[in-house]
>>> print(open('model-v5.cif').read())   # mmCIF, C-alpha atoms
data_structure
#
loop_
_atom_site.label_atom_id
_atom_site.label_comp_id
_atom_site.auth_asym_id
_atom_site.auth_seq_id
_atom_site.Cartn_x
_atom_site.Cartn_y
_atom_site.Cartn_z
CA MET A 1 77.74 -85.62 48.29
CA ASN A 2 78.52 -81.99 49.02
CA GLN A 3 76.26 -80.34 51.52
CA PRO A 4 74.95 -76.87 50.66
CA THR A 5 76.68 -74.11 52.55
CA LYS A 6 74.57 -72.58 55.27
CA LEU A 7 74.68 -68.81 55.08
CA ASP A 8 74.04 -66.31 57.81
CA THR A 9 71.20 -64.52 56.02
CA ALA A 10 70.85 -61.85 58.66
CA GLN A 11 74.49 -60.86 58.22
CA ASN A 12 74.42 -61.05 54.41
CA ASP A 13 71.24 -58.98 54.18
CA SER A 14 72.75 -56.14 56.18
CA PRO A 15 73.86 -53.18 54.07
CA PRO A 16 77.55 -52.28 54.29
CA PRO A 17 78.57 -49.52 56.70
CA GLY A 18 77.99 -46.10 55.25
CA MET A 19 75.27 -47.34 52.86
CA ARG A 20 72.35 -48.06 55.20
CA VAL A 21 70.12 -45.27 53.90
CA PHE A 22 71.72 -44.55 50.53
CA HIS A 23 69.28 -46.53 48.39
CA ALA A 24 66.26 -45.00 50.14
CA MET A 25 67.66 -41.52 49.46
CA ALA A 26 68.35 -42.42 45.84
CA MET A 27 64.80 -43.74 45.36
CA ILE A 28 63.27 -40.58 46.81
CA PHE A 29 65.44 -38.51 44.46
CA VAL A 30 64.28 -40.48 41.42
CA ALA A 31 60.64 -40.54 42.58
CA THR A 32 60.50 -36.74 42.92
CA LEU A 33 62.09 -36.42 39.49
CA LEU A 34 59.47 -38.67 37.87
CA ILE A 35 56.54 -37.11 39.71
CA SER A 36 57.59 -33.56 38.86
CA ASN A 37 57.87 -34.39 35.16
CA ALA A 38 54.53 -36.24 35.14
CA ILE A 39 52.60 -33.35 36.69
CA ALA A 40 54.45 -30.65 34.73
CA VAL A 41 51.86 -30.96 31.94
CA LYS A 42 49.53 -28.81 34.05
CA ILE A 43 50.23 -25.07 34.00
CA ILE A 44 49.39 -23.25 37.20
CA ALA A 45 49.04 -19.60 38.16
CA PHE A 46 50.73 -18.74 41.45
CA ALA A 47 51.45 -15.31 42.94
CA GLY A 48 51.38 -13.71 39.51
CA PHE A 49 53.63 -16.36 37.96
CA THR A 50 52.61 -18.89 35.32
CA LEU A 51 54.49 -22.14 35.84
CA PRO A 52 54.32 -25.91 35.32
CA ALA A 53 52.84 -27.74 38.30
CA GLY A 54 56.09 -29.69 38.57
CA ILE A 55 57.51 -26.79 40.58
CA ILE A 56 55.80 -28.16 43.70
CA CYS A 57 57.98 -31.27 43.52
CA PHE A 58 61.02 -30.71 41.28
CA PRO A 59 63.06 -28.63 43.78
CA ILE A 60 62.93 -31.58 46.17
CA ALA A 61 65.10 -33.49 43.69
CA TYR A 62 67.73 -30.76 44.05
CA ILE A 63 67.46 -30.90 47.84
CA PHE A 64 68.12 -34.64 47.79
CA GLY A 65 70.84 -34.11 45.20
CA ASP A 66 72.58 -31.77 47.66
CA THR A 67 72.13 -34.30 50.44
CA LEU A 68 73.51 -37.20 48.39
CA THR A 69 76.59 -35.23 47.33
CA GLU A 70 77.26 -33.86 50.81
CA VAL A 71 77.08 -37.25 52.52
CA TYR A 72 78.04 -39.85 49.91
CA GLY A 73 80.12 -37.81 47.47
CA TYR A 74 80.08 -36.88 43.81
CA SER A 75 80.75 -40.35 42.38
CA LYS A 76 77.72 -41.94 44.06
CA THR A 77 75.53 -38.99 43.19
CA ARG A 78 76.69 -39.13 39.57
CA SER A 79 75.37 -42.68 39.28
CA VAL A 80 72.04 -41.70 40.84
CA ILE A 81 71.70 -38.78 38.40
CA TRP A 82 72.26 -41.10 35.42
CA TRP A 83 69.89 -43.79 36.68
CA GLY A 84 67.31 -41.08 37.30
CA PHE A 85 67.79 -39.98 33.70
CA PHE A 86 67.21 -43.52 32.42
CA CYS A 87 64.07 -43.84 34.56
CA LEU A 88 62.76 -40.52 33.25
CA ALA A 89 63.44 -41.53 29.65
CA GLY A 90 61.71 -44.88 30.22
CA MET A 91 58.69 -43.21 31.79
CA SER A 92 58.35 -40.80 28.86
CA LEU A 93 58.64 -43.66 26.38
CA PHE A 94 55.92 -45.74 28.04
CA PHE A 95 53.64 -42.72 28.35
CA TRP A 96 54.02 -42.20 24.62
CA LEU A 97 53.45 -45.87 23.80
CA ALA A 98 50.31 -45.87 25.94
CA THR A 99 48.89 -43.03 23.85
CA LEU A 100 49.43 -45.07 20.67
CA LEU A 101 47.51 -48.12 21.87
CA PRO A 102 43.91 -48.28 20.60
CA ALA A 103 41.35 -47.27 23.21
CA ALA A 104 38.54 -49.59 24.29
CA PRO A 105 35.25 -48.70 22.54
CA PHE A 106 33.61 -47.62 25.81
CA TRP A 107 36.56 -45.44 26.91
CA LYS A 108 36.01 -41.86 25.75
CA ASP A 109 39.03 -40.09 27.22
CA GLN A 110 41.65 -40.88 24.58
CA GLU A 111 42.00 -37.29 23.43
CA GLY A 112 42.52 -35.98 26.95
CA PHE A 113 44.93 -38.82 27.78
CA ALA A 114 46.97 -38.08 24.65
CA LYS A 115 47.19 -34.39 25.53
CA LEU A 116 48.49 -35.18 29.00
CA PHE A 117 50.83 -38.06 28.25
CA GLY A 118 51.64 -37.72 24.57
CA PHE A 119 55.32 -37.69 23.70
CA VAL A 120 56.49 -34.27 22.49
CA PRO A 121 60.08 -34.85 21.32
CA ARG A 122 61.29 -31.27 21.69
CA ILE A 123 59.89 -30.83 25.20
CA ALA A 124 61.18 -34.22 26.33
CA ALA A 125 64.66 -33.64 24.90
CA SER A 126 64.81 -30.18 26.47
CA SER A 127 63.80 -31.60 29.84
CA PHE A 128 66.40 -34.38 29.65
CA VAL A 129 69.27 -32.03 28.70
CA ALA A 130 68.31 -29.41 31.31
CA TYR A 131 68.05 -32.07 34.01
CA LEU A 132 71.49 -33.50 33.30
CA ILE A 133 73.25 -30.13 33.08
CA GLY A 134 71.50 -28.68 36.12
CA GLU A 135 71.97 -31.70 38.38
CA PHE A 136 75.62 -32.24 37.47
CA LEU A 137 76.43 -28.56 38.00
CA ASN A 138 74.62 -28.65 41.34
CA SER A 139 76.59 -31.69 42.49
CA PHE A 140 79.91 -30.41 41.11
CA VAL A 141 79.66 -26.98 42.77
CA LEU A 142 78.66 -28.42 46.15
CA SER A 143 81.44 -31.00 46.03
CA LYS A 144 84.12 -28.46 45.11
CA LEU A 145 82.96 -25.96 47.72
CA LYS A 146 83.00 -28.65 50.40
CA ILE A 147 86.70 -29.15 49.78
CA LYS A 148 87.35 -25.38 49.69
CA THR A 149 85.49 -24.78 52.97
CA ALA A 150 86.89 -27.90 54.69
CA GLY A 151 83.37 -29.18 55.19
CA LYS A 152 82.12 -26.05 56.93
CA HIS A 153 79.16 -23.80 56.06
CA PHE A 154 76.91 -26.39 54.46
CA TRP A 155 74.14 -23.80 54.18
CA LEU A 156 76.36 -21.66 51.94
CA ARG A 157 77.37 -24.59 49.76
CA ALA A 158 73.78 -25.80 49.41
CA VAL A 159 72.49 -22.36 48.41
CA ALA A 160 75.37 -21.66 46.00
CA SER A 161 75.07 -25.03 44.25
CA THR A 162 71.29 -24.63 43.99
CA LEU A 163 71.56 -21.17 42.45
CA VAL A 164 73.99 -22.44 39.82
CA GLY A 165 72.14 -25.68 39.05
CA GLN A 166 68.67 -24.13 38.94
CA ALA A 167 69.91 -21.28 36.73
CA ALA A 168 71.29 -23.74 34.20
CA ASP A 169 68.15 -25.89 34.33
CA SER A 170 65.77 -22.96 33.84
CA VAL A 171 67.73 -21.36 31.00
CA VAL A 172 68.50 -24.58 29.12
CA PHE A 173 64.98 -26.02 29.34
CA ASN A 174 63.06 -22.89 28.41
CA PHE A 175 65.29 -21.86 25.53
CA LEU A 176 65.58 -25.35 24.06
CA ALA A 177 61.86 -26.01 24.45
CA PHE A 178 60.33 -22.66 23.49
CA ALA A 179 62.83 -20.66 21.40
CA GLY A 180 61.06 -19.60 18.21
CA ILE A 181 57.66 -20.27 19.78
CA PHE A 182 57.50 -17.48 22.36
CA PRO A 183 59.03 -14.00 21.99
CA PHE A 184 62.47 -13.62 23.53
CA HIS A 185 61.28 -11.34 26.35
CA ASP A 186 58.61 -13.89 27.30
CA LEU A 187 61.23 -16.63 27.41
CA ILE A 188 63.33 -14.52 29.77
CA ALA A 189 60.31 -13.87 31.99
CA ILE A 190 59.32 -17.54 32.15
CA ALA A 191 62.87 -18.73 32.86
CA LEU A 192 63.47 -16.03 35.47
CA SER A 193 60.18 -16.59 37.30
CA GLY A 194 60.79 -20.34 37.48
CA TYR A 195 64.35 -19.80 38.66
CA ILE A 196 63.34 -17.39 41.40
CA LEU A 197 60.55 -19.57 42.76
CA LYS A 198 62.52 -22.84 42.64
CA SER A 199 65.53 -21.23 44.32
CA LEU A 200 63.33 -19.63 46.99
CA TYR A 201 61.70 -23.02 47.57
CA GLU A 202 65.05 -24.60 48.32
CA VAL A 203 66.23 -21.75 50.54
CA LEU A 204 63.07 -22.05 52.64
CA ALA A 205 63.61 -25.82 52.86
CA LEU A 206 67.24 -25.39 53.93
CA PRO A 207 66.65 -25.94 57.68
CA PHE A 208 65.04 -29.29 56.87
CA THR A 209 67.91 -30.17 54.52
CA ILE A 210 70.46 -29.41 57.23
CA ILE A 211 68.62 -31.63 59.71
CA VAL A 212 68.53 -34.52 57.22
CA VAL A 213 72.22 -34.14 56.33
CA ARG A 214 73.30 -34.14 59.99
CA TRP A 215 71.12 -37.17 60.74
CA LEU A 216 72.49 -39.05 57.74
CA LYS A 217 76.09 -38.38 58.67
CA ARG A 218 75.47 -39.75 62.17
CA LYS A 219 73.45 -42.71 60.89
CA GLU A 220 75.89 -43.69 58.15
CA GLY A 221 79.11 -42.67 59.86
CA VAL A 222 80.39 -41.08 56.67
CA ASP A 223 81.17 -37.56 55.50
CA THR A 224 82.69 -37.79 52.03
CA PHE A 225 85.26 -35.33 50.68
CA ASP A 226 85.83 -35.69 46.94
CA VAL A 227 89.59 -35.15 46.97
CA GLY A 228 91.09 -36.43 43.71
CA VAL A 229 87.73 -37.58 42.32
CA ASN A 230 87.19 -37.74 38.57
CA TYR A 231 84.47 -35.16 37.90
CA THR A 232 83.60 -36.29 34.41
CA PRO A 233 79.82 -36.76 34.18
CA PHE A 234 80.19 -39.50 31.57
CA LYS A 235 80.70 -42.41 33.91
CA ILE A 236 78.01 -44.72 35.24
CA GLU A 237 78.59 -47.09 38.12
CA PRO A 238 76.31 -49.56 39.88
CA THR A 239 74.86 -48.08 43.07
#
>>> encode(input="model-v5.cif", output="structure tokens")
Amino acid sequence: MNQPTKLDTAQNDSPPPGMRVFHAMAMIFVATLLISNAIAVKIIAFAGFTLPAGIICFPIAYIFGDTLTEVYGYSKTRSVIWWGFFCLAGMSLFFWLATLLPAAPFWKDQEGFAKLFGFVPRIAASSFVAYLIGEFLNSFVLSKLKIKTAGKHFWLRAVASTLVGQAADSVVFNFLAFAGIFPFHDLIAIALSGYILKSLYEVLALPFTIIVVRWLKRKEGVDTFDVGVNYTPFKIEPT
């Protein structure tokens, strides 16, 4: 009778070199994405701007997107972006299904719940498209600039990629979601105000981002350069 093989569980449970913190970083990225979209249903007034409340959290997703690309490379970040997209789509679907379920007779908040979590196809589709375009542009620009600068001037690469990605996200979302609803000049004002504040947010957070990137590179022992990588966004790999 064959005896079961005894495995060294401590050794097998250890993450491979260069991947010790990757999954934690990926989960934080996805969590900030989901939280920002969930709280975006509230519109806030801040410093003369009128914006979705998601602005307090959404730029963090870009910060972690920069960090993932800088340390682990475009290919790994591409997978995280897609899995984040699937999580966001699943969250929106279950929010919508929850609004369709009949409320208990004693529960009187159905109308408010439906307003907050009801599925609005145009808004959801606009958010999904803007997220994908913005995040992939952010990762692509940072990756390309890292090669051009030979890994130097991370601050410059992080700011440049953020400006490009956030610009695409703001323009795509607002025009897909609100074209024909708001006047054109109002759309420009909303997109521009969101872009300015989100970009400023990330610039102010840059010292923290630099600290995290340096710590990760030491911890993981990796510093990926995407030489010869396939930059197509339409490829999903297990992470």
>>> residues_near_point(input="model-v5.cif", point="(91.5, -35.0, 44.2)", cutoff="12 Å", atoms="only C-alpha atoms", output="PyMOL selection string")
chain A and resi 74+143-144+147-148+225-231
>>> closest_residue(input="model-v5.cif", among="A:Gly84, A:Gly134, A:Gly65, A:Pro59", to="Ser199 (chain A)", atoms="all atoms listed in the file")
A:Pro59
>>> closest_atom_pairs(input="model-v5.cif", of="region 164-231 of chain A", to="region 111-126 of chain A", cutoff="7 Å", atoms="all atoms listed in the file", output="CSV")
residue,atom,partner,partner_atom,distance
A:Phe173,CA,A:Ser126,CA,5.1
A:Leu176,CA,A:Ser126,CA,5.5
A:Ala177,CA,A:Ile123,CA,5.3
>>> atom_distance(input="model-v5.cif", atom1="CA of Leu197 (chain A)", atom2="CA of Thr77 (chain A)")
24.5 Å
>>> resolve_selection(input="model-v5.cif", expression="the PyMOL selection byres ((chain A and resi 156-171) around 9)", output="VMD selection string")
chain A and resid 59 62 to 63 66 to 67 70 127 129 to 143 145 to 146 149 152 to 155 172 to 176 187 to 188 190 to 192 194 to 196 198 to 199 202 to 203 206 209
>>> write_last_selection(input="model-v5.cif", atoms="C-alpha atoms", output="mmCIF file, in the frame of the given file")
data_model
loop_
_atom_site.group_PDB
_atom_site.id
_atom_site.type_symbol
_atom_site.label_atom_id
_atom_site.label_comp_id
_atom_site.auth_asym_id
_atom_site.auth_seq_id
_atom_site.Cartn_x
_atom_site.Cartn_y
_atom_site.Cartn_z
ATOM 1 C CA PRO A 59 63.060 -28.630 43.780
ATOM 2 C CA TYR A 62 67.730 -30.760 44.050
ATOM 3 C CA ILE A 63 67.460 -30.900 47.840
ATOM 4 C CA ASP A 66 72.580 -31.770 47.660
ATOM 5 C CA THR A 67 72.130 -34.300 50.440
ATOM 6 C CA GLU A 70 77.260 -33.860 50.810
ATOM 7 C CA SER A 127 63.800 -31.600 29.840
ATOM 8 C CA VAL A 129 69.270 -32.030 28.700
ATOM 9 C CA ALA A 130 68.310 -29.410 31.310
ATOM 10 C CA TYR A 131 68.050 -32.070 34.010
ATOM 11 C CA LEU A 132 71.490 -33.500 33.300
ATOM 12 C CA ILE A 133 73.250 -30.130 33.080
ATOM 13 C CA GLY A 134 71.500 -28.680 36.120
ATOM 14 C CA GLU A 135 71.970 -31.700 38.380
ATOM 15 C CA PHE A 136 75.620 -32.240 37.470
ATOM 16 C CA LEU A 137 76.430 -28.560 38.000
ATOM 17 C CA ASN A 138 74.620 -28.650 41.340
ATOM 18 C CA SER A 139 76.590 -31.690 42.490
ATOM 19 C CA PHE A 140 79.910 -30.410 41.110
ATOM 20 C CA VAL A 141 79.660 -26.980 42.770
ATOM 21 C CA LEU A 142 78.660 -28.420 46.150
ATOM 22 C CA SER A 143 81.440 -31.000 46.030
ATOM 23 C CA LEU A 145 82.960 -25.960 47.720
ATOM 24 C CA LYS A 146 83.000 -28.650 50.400
ATOM 25 C CA THR A 149 85.490 -24.780 52.970
ATOM 26 C CA LYS A 152 82.120 -26.050 56.930
ATOM 27 C CA HIS A 153 79.160 -23.800 56.060
ATOM 28 C CA PHE A 154 76.910 -26.390 54.460
ATOM 29 C CA TRP A 155 74.140 -23.800 54.180
ATOM 30 C CA VAL A 172 68.500 -24.580 29.120
ATOM 31 C CA PHE A 173 64.980 -26.020 29.340
ATOM 32 C CA ASN A 174 63.060 -22.890 28.410
ATOM 33 C CA PHE A 175 65.290 -21.860 25.530
ATOM 34 C CA LEU A 176 65.580 -25.350 24.060
ATOM 35 C CA LEU A 187 61.230 -16.630 27.410
ATOM 36 C CA ILE A 188 63.330 -14.520 29.770
ATOM 37 C CA ILE A 190 59.320 -17.540 32.150
ATOM 38 C CA ALA A 191 62.870 -18.730 32.860
ATOM 39 C CA LEU A 192 63.470 -16.030 35.470
ATOM 40 C CA GLY A 194 60.790 -20.340 37.480
ATOM 41 C CA TYR A 195 64.350 -19.800 38.660
ATOM 42 C CA ILE A 196 63.340 -17.390 41.400
ATOM 43 C CA LYS A 198 62.520 -22.840 42.640
ATOM 44 C CA SER A 199 65.530 -21.230 44.320
ATOM 45 C CA GLU A 202 65.050 -24.600 48.320
ATOM 46 C CA VAL A 203 66.230 -21.750 50.540
ATOM 47 C CA LEU A 206 67.240 -25.390 53.930
ATOM 48 C CA THR A 209 67.910 -30.170 54.520
#
>>> closest_residue(input="model-v5.cif", among="A:Tyr72, A:Leu200, A:Thr99, A:Val30", to="Ile55 (chain A)", atoms="only C-alpha atoms")
A:Leu200
>>> closest_residue(input="model-v5.cif", among="A:Ala61, A:Phe22, A:Thr50, A:Ala98", to="Asn37 (chain A)", atoms="only C-alpha atoms")
A:Ala61
>>> closest_residue(input="model-v5.cif", among="A:Arg20, A:Gly90, A:Phe182, A:Ala26", to="Arg78 (chain A)", atoms="all atoms listed in the file")
A:Ala26
>>> atom_distance(input="model-v5.cif", atom1="CA of Gly18 (chain A)", atom2="CA of Val213 (chain A)")
13.3 Å
>>> resolve_selection(input="model-v5.cif", expression="the PyMOL selection byres ((chain A and resi 54) around 6)", output="list in words")
Ser36, Ile39, Ala40, Pro52, Ala53, Ile55, Ile56, Cys57 and Phe58 of chain A
>>> write_last_selection(input="model-v5.cif", atoms="C-alpha atoms", output="JSON list (two decimals), in the coordinates of the input")
[["chain", "number", "residue", "atom", "x", "y", "z"],
["A", 36, "SER", "CA", 57.59, -33.56, 38.86],
["A", 39, "ILE", "CA", 52.60, -33.35, 36.69],
["A", 40, "ALA", "CA", 54.45, -30.65, 34.73],
["A", 52, "PRO", "CA", 54.32, -25.91, 35.32],
["A", 53, "ALA", "CA", 52.84, -27.74, 38.30],
["A", 55, "ILE", "CA", 57.51, -26.79, 40.58],
["A", 56, "ILE", "CA", 55.80, -28.16, 43.70],
["A", 57, "CYS", "CA", 57.98, -31.27, 43.52],
["A", 58, "PHE", "CA", 61.02, -30.71, 41.28]]
>>> build_atoms(input="model-v5.cif", residues="region 34-52 of chain A", atoms="N, CA and C atoms", output="PDB file, keeping the file's coordinate frame")
ATOM      1  N   LEU A  34      60.526 -38.127  38.718  1.00  0.00           N
ATOM      2  CA  LEU A  34      59.470 -38.670  37.870  1.00  0.00           C
ATOM      3  C   LEU A  34      58.140 -37.969  38.122  1.00  0.00           C
ATOM      4  N   ILE A  35      57.815 -37.755  39.385  1.00  0.00           N
ATOM      5  CA  ILE A  35      56.540 -37.110  39.710  1.00  0.00           C
ATOM      6  C   ILE A  35      56.499 -35.695  39.149  1.00  0.00           C
ATOM      7  N   SER A  36      57.574 -34.946  39.316  1.00  0.00           N
ATOM      8  CA  SER A  36      57.590 -33.560  38.860  1.00  0.00           C
ATOM      9  C   SER A  36      57.424 -33.470  37.346  1.00  0.00           C
ATOM     10  N   ASN A  37      58.019 -34.404  36.620  1.00  0.00           N
ATOM     11  CA  ASN A  37      57.870 -34.390  35.160  1.00  0.00           C
ATOM     12  C   ASN A  37      56.480 -34.847  34.732  1.00  0.00           C
ATOM     13  N   ALA A  38      55.872 -35.765  35.484  1.00  0.00           N
ATOM     14  CA  ALA A  38      54.530 -36.240  35.140  1.00  0.00           C
ATOM     15  C   ALA A  38      53.480 -35.154  35.342  1.00  0.00           C
ATOM     16  N   ILE A  39      53.617 -34.366  36.417  1.00  0.00           N
ATOM     17  CA  ILE A  39      52.600 -33.350  36.690  1.00  0.00           C
ATOM     18  C   ILE A  39      52.906 -32.006  36.024  1.00  0.00           C
ATOM     19  N   ALA A  40      54.066 -31.910  35.369  1.00  0.00           N
ATOM     20  CA  ALA A  40      54.450 -30.650  34.730  1.00  0.00           C
ATOM     21  C   ALA A  40      53.567 -30.302  33.538  1.00  0.00           C
ATOM     22  N   VAL A  41      52.741 -31.258  33.078  1.00  0.00           N
ATOM     23  CA  VAL A  41      51.860 -30.960  31.940  1.00  0.00           C
ATOM     24  C   VAL A  41      50.765 -29.972  32.317  1.00  0.00           C
ATOM     25  N   LYS A  42      50.518 -29.801  33.624  1.00  0.00           N
ATOM     26  CA  LYS A  42      49.530 -28.810  34.050  1.00  0.00           C
ATOM     27  C   LYS A  42      50.233 -27.483  34.320  1.00  0.00           C
ATOM     28  N   ILE A  43      49.690 -26.406  33.779  1.00  0.00           N
ATOM     29  CA  ILE A  43      50.230 -25.070  34.000  1.00  0.00           C
ATOM     30  C   ILE A  43      49.402 -24.388  35.079  1.00  0.00           C
ATOM     31  N   ILE A  44      50.087 -23.874  36.078  1.00  0.00           N
ATOM     32  CA  ILE A  44      49.390 -23.250  37.200  1.00  0.00           C
ATOM     33  C   ILE A  44      49.716 -21.763  37.262  1.00  0.00           C
ATOM     34  N   ALA A  45      48.818 -21.012  37.895  1.00  0.00           N
ATOM     35  CA  ALA A  45      49.040 -19.600  38.160  1.00  0.00           C
ATOM     36  C   ALA A  45      49.260 -19.447  39.657  1.00  0.00           C
ATOM     37  N   PHE A  46      50.402 -18.871  40.036  1.00  0.00           N
ATOM     38  CA  PHE A  46      50.730 -18.740  41.450  1.00  0.00           C
ATOM     39  C   PHE A  46      51.442 -17.414  41.689  1.00  0.00           C
ATOM     40  N   ALA A  47      50.846 -16.577  42.537  1.00  0.00           N
ATOM     41  CA  ALA A  47      51.450 -15.310  42.940  1.00  0.00           C
ATOM     42  C   ALA A  47      51.882 -14.465  41.739  1.00  0.00           C
ATOM     43  N   GLY A  48      51.068 -14.487  40.702  1.00  0.00           N
ATOM     44  CA  GLY A  48      51.380 -13.710  39.510  1.00  0.00           C
ATOM     45  C   GLY A  48      52.286 -14.398  38.518  1.00  0.00           C
ATOM     46  N   PHE A  49      52.769 -15.598  38.850  1.00  0.00           N
ATOM     47  CA  PHE A  49      53.630 -16.360  37.960  1.00  0.00           C
ATOM     48  C   PHE A  49      52.821 -17.448  37.258  1.00  0.00           C
ATOM     49  N   THR A  50      53.201 -17.773  36.051  1.00  0.00           N
ATOM     50  CA  THR A  50      52.610 -18.890  35.320  1.00  0.00           C
ATOM     51  C   THR A  50      53.675 -19.951  35.138  1.00  0.00           C
ATOM     52  N   LEU A  51      53.435 -21.126  35.746  1.00  0.00           N
ATOM     53  CA  LEU A  51      54.490 -22.140  35.840  1.00  0.00           C
ATOM     54  C   LEU A  51      53.925 -23.541  35.698  1.00  0.00           C
ATOM     55  N   PRO A  52      54.758 -24.510  35.290  1.00  0.00           N
ATOM     56  CA  PRO A  52      54.320 -25.910  35.320  1.00  0.00           C
ATOM     57  C   PRO A  52      54.114 -26.370  36.756  1.00  0.00           C
TER      58      PRO A  52
END
